[in-house]
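Asker: Take a look at the following structure, please.
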Amino acid sequence: MPVQIETGPEVVSAFLSGEIDHHNARQLRTEIDEAAVRVLPAVLRLDFSGVEFMDSSGIGLVLGRYQLMEDLGGKLEVTGLPRHLRKVMTVAGIDKLGIVEEGTKR
């Protein structure tokens, strides 16, 4: 599961692709968290437009980054959700956090 991270002074964007499962979620968390802690952005953006499959580890990835950004005084945005992943996020209640955005922001 590759992740491409782009950093700016106000926004750190993590462009996810492939599959998110228990085999690779730890590495993703580590890479994303290291960038967020290093930059301390106002916004951490997780872009799921390249994700083909996600199990419950993806929900954990989102919730953990949400808590991290709360602790850092920033905001999490989830963008680029394919329809099938949007349904998973809705069932998990992620949409109620107000962090799911429409489309992809690059």
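By order in the structure tokens, chains are A, B, ...; within a chain, residues start at 1; ligands start at 1, following the order shown.
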Please give the complete set of residues from region 7-97 of chain A that DSSP, run on the backbone, assigns to alpha helix (DSSP H), formatted as JSON, numbers by chain.

Answerer: {"A": [25, 26, 27, 28, 29, 30, 31, 32, 33, 34, 35, 36, 37, 38, 39, 56, 57, 58, 59, 60, 61, 62, 63, 64, 65, 66, 67, 68, 69, 70, 71, 72, 83, 84, 85, 86, 87, 88, 89, 90, 91, 92]}

Asker: Using only C-alpha atoms, which protein or nucleic acid residues come within 12 Å of Gly98 (chain A)? Drop anything in the same chain fewer than 5 positions from it, and give the result as a list in words.

Answerer: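 Result of the neighbour search: Tyr66, Lys75, Leu76, Glu77, Val78, Thr79, Met89, Thr90 and Gly93 of chain A.
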
Asker: Keeping only N, CA and C atoms, write the selected residues as a compact mmCIF listing (two decimals), in the first residue's frame.

Answerer:
```txt
# COMPACT_ATOMS: atom_id res chain seq x y z
N TYR A 66 -7.82 11.36 13.07
CA TYR A 66 -8.75 12.36 13.58
C TYR A 66 -8.33 12.77 15.00
N LYS A 75 -7.14 19.96 11.94
CA LYS A 75 -8.37 19.37 11.41
C LYS A 75 -8.01 18.24 10.44
N LEU A 76 -8.83 17.20 10.41
CA LEU A 76 -8.68 16.12 9.44
C LEU A 76 -9.73 16.27 8.36
N GLU A 77 -9.33 16.04 7.12
CA GLU A 77 -10.27 15.97 5.99
C GLU A 77 -10.06 14.62 5.30
N VAL A 78 -11.16 13.97 4.96
CA VAL A 78 -11.13 12.74 4.18
C VAL A 78 -11.74 13.06 2.83
N THR A 79 -10.97 12.86 1.76
CA THR A 79 -11.42 13.21 0.41
C THR A 79 -11.29 12.03 -0.54
N MET A 89 -17.69 4.15 5.31
CA MET A 89 -17.48 5.27 6.23
C MET A 89 -18.80 5.72 6.86
N THR A 90 -19.86 5.70 6.07
CA THR A 90 -21.17 6.10 6.59
C THR A 90 -21.67 5.10 7.63
N GLY A 93 -20.07 5.59 10.82
CA GLY A 93 -20.37 6.86 11.47
C GLY A 93 -19.33 7.95 11.25
```

Asker: Name all residues at most 8 Å from Ala14 (chain A) (count only C-alpha atoms; drop same-chain ones fewer than 3 positions away) and give them as an mmCIF file with C-alpha atoms, in the first residue's frame.

Answerer:
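Written file, part.cif:
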```
data_model
loop_
_atom_site.group_PDB
_atom_site.id
_atom_site.type_symbol
_atom_site.label_atom_id
_atom_site.label_comp_id
_atom_site.auth_asym_id
_atom_site.auth_seq_id
_atom_site.Cartn_x
_atom_site.Cartn_y
_atom_site.Cartn_z
ATOM 1 C CA VAL A 3 1.190 6.439 0.224
ATOM 2 C CA GLN A 4 2.383 9.650 -1.354
ATOM 3 C CA ILE A 5 2.678 12.475 1.135
ATOM 4 C CA GLU A 6 2.772 16.102 0.091
ATOM 5 C CA ILE A 32 1.302 9.862 7.976
ATOM 6 C CA LEU A 44 -4.268 16.740 7.447
ATOM 7 C CA ARG A 45 -5.955 15.484 4.288
ATOM 8 C CA LEU A 46 -6.373 11.770 3.582
ATOM 9 C CA ASP A 47 -7.218 11.177 -0.067
#
```

Asker: Name all residues at most 12 Å from Glu70 (chain A) (count only C-alpha atoms; drop same-chain ones fewer than 2 positions away) and give them as a PDB file with N, CA and C atoms, in the first residue's frame.

Answerer:
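Saved file around36.pdb follows:
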```pdb
ATOM      1  N   ALA A  36       2.720  14.581   9.879  1.00  0.00           N
ATOM      2  CA  ALA A  36       1.844  15.522  10.595  1.00  0.00           C
ATOM      3  C   ALA A  36       2.551  16.110  11.811  1.00  0.00           C
ATOM      4  N   LEU A  40       3.113  19.948  11.689  1.00  0.00           N
ATOM      5  CA  LEU A  40       2.044  20.545  12.510  1.00  0.00           C
ATOM      6  C   LEU A  40       1.101  21.387  11.643  1.00  0.00           C
ATOM      7  N   PRO A  41       0.471  20.752  10.652  1.00  0.00           N
ATOM      8  CA  PRO A  41      -0.387  21.496   9.724  1.00  0.00           C
ATOM      9  C   PRO A  41      -1.723  21.862  10.353  1.00  0.00           C
ATOM     10  N   ALA A  42      -2.381  22.830   9.748  1.00  0.00           N
ATOM     11  CA  ALA A  42      -3.753  23.158  10.146  1.00  0.00           C
ATOM     12  C   ALA A  42      -4.691  22.052   9.678  1.00  0.00           C
ATOM     13  N   VAL A  43      -4.343  21.409   8.542  1.00  0.00           N
ATOM     14  CA  VAL A  43      -5.192  20.373   7.956  1.00  0.00           C
ATOM     15  C   VAL A  43      -4.336  19.170   7.555  1.00  0.00           C
ATOM     16  N   LEU A  44      -4.805  17.999   7.955  1.00  0.00           N
ATOM     17  CA  LEU A  44      -4.268  16.740   7.447  1.00  0.00           C
ATOM     18  C   LEU A  44      -5.338  16.167   6.539  1.00  0.00           C
ATOM     19  N   LEU A  63      -9.908   7.209  12.174  1.00  0.00           N
ATOM     20  CA  LEU A  63     -10.204   7.641  13.540  1.00  0.00           C
ATOM     21  C   LEU A  63      -8.942   8.023  14.314  1.00  0.00           C
ATOM     22  N   GLY A  64      -7.879   7.278  14.109  1.00  0.00           N
ATOM     23  CA  GLY A  64      -6.617   7.608  14.770  1.00  0.00           C
ATOM     24  C   GLY A  64      -6.040   8.925  14.307  1.00  0.00           C
ATOM     25  N   ARG A  65      -6.144   9.209  12.999  1.00  0.00           N
ATOM     26  CA  ARG A  65      -5.633  10.478  12.483  1.00  0.00           C
ATOM     27  C   ARG A  65      -6.533  11.641  12.921  1.00  0.00           C
ATOM     28  N   TYR A  66      -7.824  11.356  13.067  1.00  0.00           N
ATOM     29  CA  TYR A  66      -8.754  12.363  13.584  1.00  0.00           C
ATOM     30  C   TYR A  66      -8.330  12.765  15.003  1.00  0.00           C
ATOM     31  N   GLN A  67      -8.036  11.778  15.840  1.00  0.00           N
ATOM     32  CA  GLN A  67      -7.610  12.059  17.216  1.00  0.00           C
ATOM     33  C   GLN A  67      -6.259  12.772  17.230  1.00  0.00           C
ATOM     34  N   LEU A  68      -5.343  12.348  16.371  1.00  0.00           N
ATOM     35  CA  LEU A  68      -4.036  13.000  16.298  1.00  0.00           C
ATOM     36  C   LEU A  68      -4.195  14.483  15.977  1.00  0.00           C
ATOM     37  N   LEU A  72      -3.232  17.839  18.053  1.00  0.00           N
ATOM     38  CA  LEU A  72      -2.301  18.829  17.505  1.00  0.00           C
ATOM     39  C   LEU A  72      -2.965  20.184  17.250  1.00  0.00           C
ATOM     40  N   GLY A  73      -4.271  20.256  17.476  1.00  0.00           N
ATOM     41  CA  GLY A  73      -4.975  21.517  17.257  1.00  0.00           C
ATOM     42  C   GLY A  73      -5.324  21.770  15.808  1.00  0.00           C
ATOM     43  N   GLY A  74      -5.358  20.727  15.006  1.00  0.00           N
ATOM     44  CA  GLY A  74      -5.672  20.848  13.592  1.00  0.00           C
ATOM     45  C   GLY A  74      -6.951  20.121  13.238  1.00  0.00           C
ATOM     46  N   LYS A  75      -7.142  19.958  11.939  1.00  0.00           N
ATOM     47  CA  LYS A  75      -8.368  19.365  11.415  1.00  0.00           C
ATOM     48  C   LYS A  75      -8.012  18.243  10.442  1.00  0.00           C
ATOM     49  N   LEU A  76      -8.833  17.204  10.414  1.00  0.00           N
ATOM     50  CA  LEU A  76      -8.682  16.116   9.444  1.00  0.00           C
ATOM     51  C   LEU A  76      -9.735  16.267   8.363  1.00  0.00           C
ATOM     52  N   GLU A  77      -9.335  16.040   7.116  1.00  0.00           N
ATOM     53  CA  GLU A  77     -10.268  15.967   5.993  1.00  0.00           C
ATOM     54  C   GLU A  77     -10.063  14.624   5.303  1.00  0.00           C
ATOM     55  N   LEU A  97     -18.656  12.949  11.820  1.00  0.00           N
ATOM     56  CA  LEU A  97     -17.574  13.758  12.361  1.00  0.00           C
ATOM     57  C   LEU A  97     -17.370  15.046  11.561  1.00  0.00           C
ATOM     58  N   ILE A  99     -15.873  15.357   8.615  1.00  0.00           N
ATOM     59  CA  ILE A  99     -14.552  15.395   8.016  1.00  0.00           C
ATOM     60  C   ILE A  99     -14.520  14.882   6.580  1.00  0.00           C
TER      61      ILE A  99
END
```

Asker: Interatomic distance between CA of Ser57 (chain A) and CA of Val88 (chain A)?

Answerer: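 So the answer is 11.6 Å.
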
Asker: For Val62 (chain A), which of A:Val37, A:Val12, A:Ile94, A:Leu81 is the closest residue, counting only C-alpha atoms?

Answerer: A:Ile94

Asker: Give me, as a ChimeraX atom specification, all polymer residues having an atom no more than 12 Å from His23 (chain A), counting only C-alpha atoms and skipping those fewer than 3 positions away in the same chain.

Answerer: /A:1,19-20,26-29,54-58

Asker: Please produce a file of the residues just selected, as a PDB file, in the first residue's frame, where the atoms kept are C-alpha atoms.

Answerer:
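Below is the file again_3.pdb, written as the result:
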```pdb
ATOM      1  CA  MET A   1       0.000   0.000   0.000  1.00  0.00           C
ATOM      2  CA  GLU A  19      -5.526  -1.796  -0.357  1.00  0.00           C
ATOM      3  CA  ILE A  20      -5.758  -0.790   3.288  1.00  0.00           C
ATOM      4  CA  ARG A  26       0.674   0.274  10.787  1.00  0.00           C
ATOM      5  CA  GLN A  27       3.149   1.480   8.161  1.00  0.00           C
ATOM      6  CA  LEU A  28       0.584   3.952   6.810  1.00  0.00           C
ATOM      7  CA  ARG A  29      -0.117   5.304  10.296  1.00  0.00           C
ATOM      8  CA  MET A  54     -10.358  -1.296   2.731  1.00  0.00           C
ATOM      9  CA  ASP A  55     -11.204  -3.379   5.783  1.00  0.00           C
ATOM     10  CA  SER A  56     -11.812  -2.126   9.318  1.00  0.00           C
ATOM     11  CA  SER A  57      -8.160  -1.068   9.504  1.00  0.00           C
ATOM     12  CA  GLY A  58      -9.071   1.836   7.235  1.00  0.00           C
TER      13      GLY A  58
END
```
